[in-house]
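**Q** Below you will find the structure I want to go over with you.
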Amino acid sequence: MLVTDRKTDYFEKRAGGTGTTIMEHIIDEKVYNGKIAAYARVILKPGCSLGYHKHEGTSETLYILSGTAEYNDNGTEMELFPGDVAFCPEGESHSIGNSAHSKTDLVVMALIVNEK
């Protein structure tokens, strides 16, 4: 099945973050009968972030495609680089951002799975 009907969402200050989170949906969640909440390419321009939030009822896997991510894993801050994978299980918290000093976009693949 070729998927041609895709949407892009723009979220201002998502989860208390900064700037605009661009979420390019790869496939509609209906294809998986509700098993996933989202499978998307996420773009954060320099200075943009997805704020610190807790996953309730979902888990999230992030795969860094390009750029350097400022990542907070339950209070532990670190940098993530292309090829790195971060997993946030249900009940845990995280945030991700692109430094204001960055010269490139941060591009991440995100898979959010419904756990209940």
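Chains: A, B, ... in order of the structure tokens. Residues: from 1 per chain. Ligands: from 1, in order shown.
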As a ChimeraX atom specification, please: the residues near A:Thr68 (cut-off 7 Å, only C-alpha atoms, same-chain neighbours under 6 positions excluded).

**A** /A:79-81,98,106

**Q** I want to know what sits within 12 Å of A:Gly51, based on only C-alpha atoms, with residues of the same chain fewer than 3 positions away left out; could you give that as a ChimeraX atom specification?

**A** /A:11-21,44,48,54,70-73,93-98

**Q** Keeping only N, CA, C and O atoms, write those residues as an mmCIF file, in the first residue's frame.

**A**
```cif
data_model
loop_
_atom_site.group_PDB
_atom_site.id
_atom_site.type_symbol
_atom_site.label_atom_id
_atom_site.label_comp_id
_atom_site.auth_asym_id
_atom_site.auth_seq_id
_atom_site.Cartn_x
_atom_site.Cartn_y
_atom_site.Cartn_z
ATOM 1 N N PHE A 11 3.070 22.734 16.119
ATOM 2 C CA PHE A 11 2.695 22.945 17.516
ATOM 3 C C PHE A 11 3.548 24.068 18.106
ATOM 4 O O PHE A 11 4.774 23.983 18.096
ATOM 5 N N GLU A 12 2.906 25.105 18.607
ATOM 6 C CA GLU A 12 3.608 26.197 19.273
ATOM 7 C C GLU A 12 3.835 25.826 20.739
ATOM 8 O O GLU A 12 2.907 25.408 21.424
ATOM 9 N N LYS A 13 5.081 25.946 21.185
ATOM 10 C CA LYS A 13 5.447 25.706 22.588
ATOM 11 C C LYS A 13 4.904 24.365 23.090
ATOM 12 O O LYS A 13 4.332 24.279 24.168
ATOM 13 N N ARG A 14 5.110 23.310 22.299
ATOM 14 C CA ARG A 14 4.612 21.959 22.609
ATOM 15 C C ARG A 14 5.129 21.491 23.969
ATOM 16 O O ARG A 14 6.318 21.559 24.244
ATOM 17 N N ALA A 15 4.228 21.065 24.818
ATOM 18 C CA ALA A 15 4.535 20.569 26.168
ATOM 19 C C ALA A 15 5.349 21.582 26.970
ATOM 20 O O ALA A 15 6.191 21.218 27.777
ATOM 21 N N GLY A 16 5.108 22.861 26.717
ATOM 22 C CA GLY A 16 5.824 23.905 27.445
ATOM 23 C C GLY A 16 7.196 24.225 26.875
ATOM 24 O O GLY A 16 7.974 24.943 27.494
ATOM 25 N N GLY A 17 7.491 23.709 25.692
ATOM 26 C CA GLY A 17 8.778 23.971 25.054
ATOM 27 C C GLY A 17 8.820 25.346 24.429
ATOM 28 O O GLY A 17 7.976 26.216 24.707
ATOM 29 N N THR A 18 9.796 25.550 23.552
ATOM 30 C CA THR A 18 9.985 26.845 22.895
ATOM 31 C C THR A 18 9.800 26.701 21.393
ATOM 32 O O THR A 18 10.088 25.654 20.818
ATOM 33 N N GLY A 19 9.320 27.737 20.759
ATOM 34 C CA GLY A 19 9.207 27.756 19.314
ATOM 35 C C GLY A 19 8.167 26.792 18.775
ATOM 36 O O GLY A 19 7.225 26.411 19.462
ATOM 37 N N THR A 20 8.367 26.403 17.519
ATOM 38 C CA THR A 20 7.410 25.564 16.801
ATOM 39 C C THR A 20 7.978 24.172 16.577
ATOM 40 O O THR A 20 9.085 24.030 16.067
ATOM 41 N N THR A 21 7.205 23.160 16.960
ATOM 42 C CA THR A 21 7.537 21.764 16.653
ATOM 43 C C THR A 21 6.809 21.401 15.374
ATOM 44 O O THR A 21 5.590 21.539 15.290
ATOM 45 N N LEU A 44 12.908 20.377 14.599
ATOM 46 C CA LEU A 44 13.049 21.479 15.550
ATOM 47 C C LEU A 44 14.102 22.434 15.001
ATOM 48 O O LEU A 44 15.271 22.071 14.839
ATOM 49 N N CYS A 48 14.386 25.801 19.203
ATOM 50 C CA CYS A 48 13.079 25.177 19.466
ATOM 51 C C CYS A 48 13.238 23.916 20.307
ATOM 52 O O CYS A 48 14.248 23.220 20.220
ATOM 53 N N LYS A 54 5.680 13.869 30.777
ATOM 54 C CA LYS A 54 5.587 12.477 31.215
ATOM 55 C C LYS A 54 4.723 11.694 30.233
ATOM 56 O O LYS A 54 3.683 12.190 29.800
ATOM 57 N N GLU A 70 19.567 18.293 22.454
ATOM 58 C CA GLU A 70 19.712 18.468 23.902
ATOM 59 C C GLU A 70 18.587 17.648 24.505
ATOM 60 O O GLU A 70 17.409 17.997 24.357
ATOM 61 N N TYR A 71 18.924 16.528 25.148
ATOM 62 C CA TYR A 71 17.923 15.567 25.607
ATOM 63 C C TYR A 71 17.942 15.469 27.123
ATOM 64 O O TYR A 71 19.007 15.409 27.731
ATOM 65 N N ASN A 72 16.755 15.453 27.721
ATOM 66 C CA ASN A 72 16.599 15.283 29.164
ATOM 67 C C ASN A 72 15.846 13.977 29.382
ATOM 68 O O ASN A 72 14.689 13.850 28.991
ATOM 69 N N ASP A 73 16.519 13.014 29.988
ATOM 70 C CA ASP A 73 15.957 11.691 30.259
ATOM 71 C C ASP A 73 15.710 11.570 31.762
ATOM 72 O O ASP A 73 16.630 11.277 32.518
ATOM 73 N N SER A 93 9.636 10.394 31.935
ATOM 74 C CA SER A 93 9.571 11.740 31.370
ATOM 75 C C SER A 93 10.818 12.067 30.559
ATOM 76 O O SER A 93 11.896 11.509 30.798
ATOM 77 N N HIS A 94 10.640 13.015 29.629
ATOM 78 C CA HIS A 94 11.773 13.466 28.817
ATOM 79 C C HIS A 94 11.441 14.785 28.118
ATOM 80 O O HIS A 94 10.299 15.228 28.117
ATOM 81 N N SER A 95 12.475 15.376 27.544
ATOM 82 C CA SER A 95 12.324 16.539 26.670
ATOM 83 C C SER A 95 13.436 16.481 25.639
ATOM 84 O O SER A 95 14.440 15.775 25.822
ATOM 85 N N ILE A 96 13.249 17.223 24.545
ATOM 86 C CA ILE A 96 14.271 17.268 23.501
ATOM 87 C C ILE A 96 14.262 18.664 22.889
ATOM 88 O O ILE A 96 13.197 19.272 22.732
ATOM 89 N N GLY A 97 15.444 19.155 22.569
ATOM 90 C CA GLY A 97 15.520 20.489 21.988
ATOM 91 C C GLY A 97 16.720 20.651 21.090
ATOM 92 O O GLY A 97 17.637 19.826 21.066
ATOM 93 N N ASN A 98 16.694 21.751 20.343
ATOM 94 C CA ASN A 98 17.781 22.144 19.456
ATOM 95 C C ASN A 98 18.327 23.461 19.994
ATOM 96 O O ASN A 98 17.584 24.426 20.172
#
```

**Q** Between A:Val113, A:Cys88, A:Lys7, A:Pro46, which is the closest to A:Asn33 once you count only C-alpha atoms?

**A**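 Checking each candidate against A:Asn33, we get A:Val113 as the closest.
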
**Q** Would you compute the distance between atom CA of A:Ser102 and atom CA of A:Met78? Give it in Å to one decimal.

**A**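 Here the two named atoms are 15.7 Å from each other.
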
**Q** Just the residues within 12 Å of A:Glu90, please, counting only C-alpha atoms, with nothing from its chain fewer than 2 positions along; format it as a PyMOL selection string.

**A** chain A and resi 53-61+74+87-88+92-94+112-116

**Q** Grab the residues selected above and save them as a compact mmCIF listing (two decimals), in the first residue's frame with N, CA, C and O atoms.

**A**
```
# COMPACT_ATOMS: atom_id res chain seq x y z
N HIS A 53 7.99 16.38 29.58
CA HIS A 53 6.65 15.83 29.77
C HIS A 53 6.73 14.35 30.13
O HIS A 53 7.71 13.67 29.82
N LYS A 54 5.68 13.87 30.78
CA LYS A 54 5.59 12.48 31.21
C LYS A 54 4.72 11.69 30.23
O LYS A 54 3.68 12.19 29.80
N HIS A 55 5.14 10.48 29.92
CA HIS A 55 4.35 9.62 29.04
C HIS A 55 3.40 8.78 29.87
O HIS A 55 3.82 7.96 30.67
N GLU A 56 2.12 9.06 29.68
CA GLU A 56 1.07 8.32 30.39
C GLU A 56 0.23 7.59 29.34
O GLU A 56 -0.44 8.23 28.54
N GLY A 57 0.33 6.27 29.32
CA GLY A 57 -0.40 5.48 28.35
C GLY A 57 0.32 5.28 27.04
O GLY A 57 -0.17 4.60 26.14
N THR A 58 1.49 5.92 26.88
CA THR A 58 2.30 5.77 25.66
C THR A 58 3.77 5.63 26.02
O THR A 58 4.21 6.02 27.10
N SER A 59 4.53 5.08 25.08
CA SER A 59 6.00 5.11 25.15
C SER A 59 6.47 5.79 23.87
O SER A 59 5.71 5.90 22.90
N GLU A 60 7.72 6.26 23.87
CA GLU A 60 8.23 6.95 22.68
C GLU A 60 9.66 6.55 22.39
O GLU A 60 10.50 6.51 23.29
N THR A 61 9.92 6.27 21.13
CA THR A 61 11.27 5.99 20.65
C THR A 61 11.66 7.12 19.71
O THR A 61 10.90 7.48 18.81
N ASN A 74 14.48 11.88 32.19
CA ASN A 74 14.13 11.81 33.61
C ASN A 74 15.07 12.61 34.50
O ASN A 74 15.45 12.17 35.58
N PHE A 87 14.81 6.00 24.21
CA PHE A 87 13.51 5.37 24.48
C PHE A 87 12.98 5.91 25.79
O PHE A 87 13.68 5.92 26.81
N CYS A 88 11.74 6.37 25.77
CA CYS A 88 11.06 6.85 26.97
C CYS A 88 9.85 5.95 27.22
O CYS A 88 8.84 6.05 26.52
N GLU A 92 7.54 7.41 32.37
CA GLU A 92 8.77 8.19 32.52
C GLU A 92 8.65 9.50 31.74
O GLU A 92 7.72 9.70 30.98
N SER A 93 9.64 10.39 31.93
CA SER A 93 9.57 11.74 31.37
C SER A 93 10.82 12.07 30.56
O SER A 93 11.90 11.51 30.80
N HIS A 94 10.64 13.01 29.63
CA HIS A 94 11.77 13.47 28.82
C HIS A 94 11.44 14.79 28.12
O HIS A 94 10.30 15.23 28.12
N ILE A 112 5.52 6.83 18.61
CA ILE A 112 4.80 6.87 19.88
C ILE A 112 3.79 5.72 19.86
O ILE A 112 2.91 5.67 19.01
N VAL A 113 3.95 4.80 20.82
CA VAL A 113 3.16 3.59 20.87
C VAL A 113 2.14 3.68 22.00
O VAL A 113 2.50 4.05 23.13
N ASN A 114 0.90 3.35 21.70
CA ASN A 114 -0.14 3.27 22.76
C ASN A 114 0.11 2.00 23.56
O ASN A 114 0.14 0.90 23.01
N GLU A 115 0.29 2.15 24.87
CA GLU A 115 0.62 1.02 25.73
C GLU A 115 -0.60 0.42 26.39
O GLU A 115 -0.50 -0.60 27.05
N LYS A 116 -1.75 1.05 26.25
CA LYS A 116 -2.97 0.53 26.91
C LYS A 116 -4.06 0.32 25.90
O LYS A 116 -4.08 0.84 24.85
```

**Q** What is the atom CA of A:Ala40 to atom CA of A:Gly75 distance in Å?

**A**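 Interatomic distance, atom CA of A:Ala40 to atom CA of A:Gly75: 24.8 Å.
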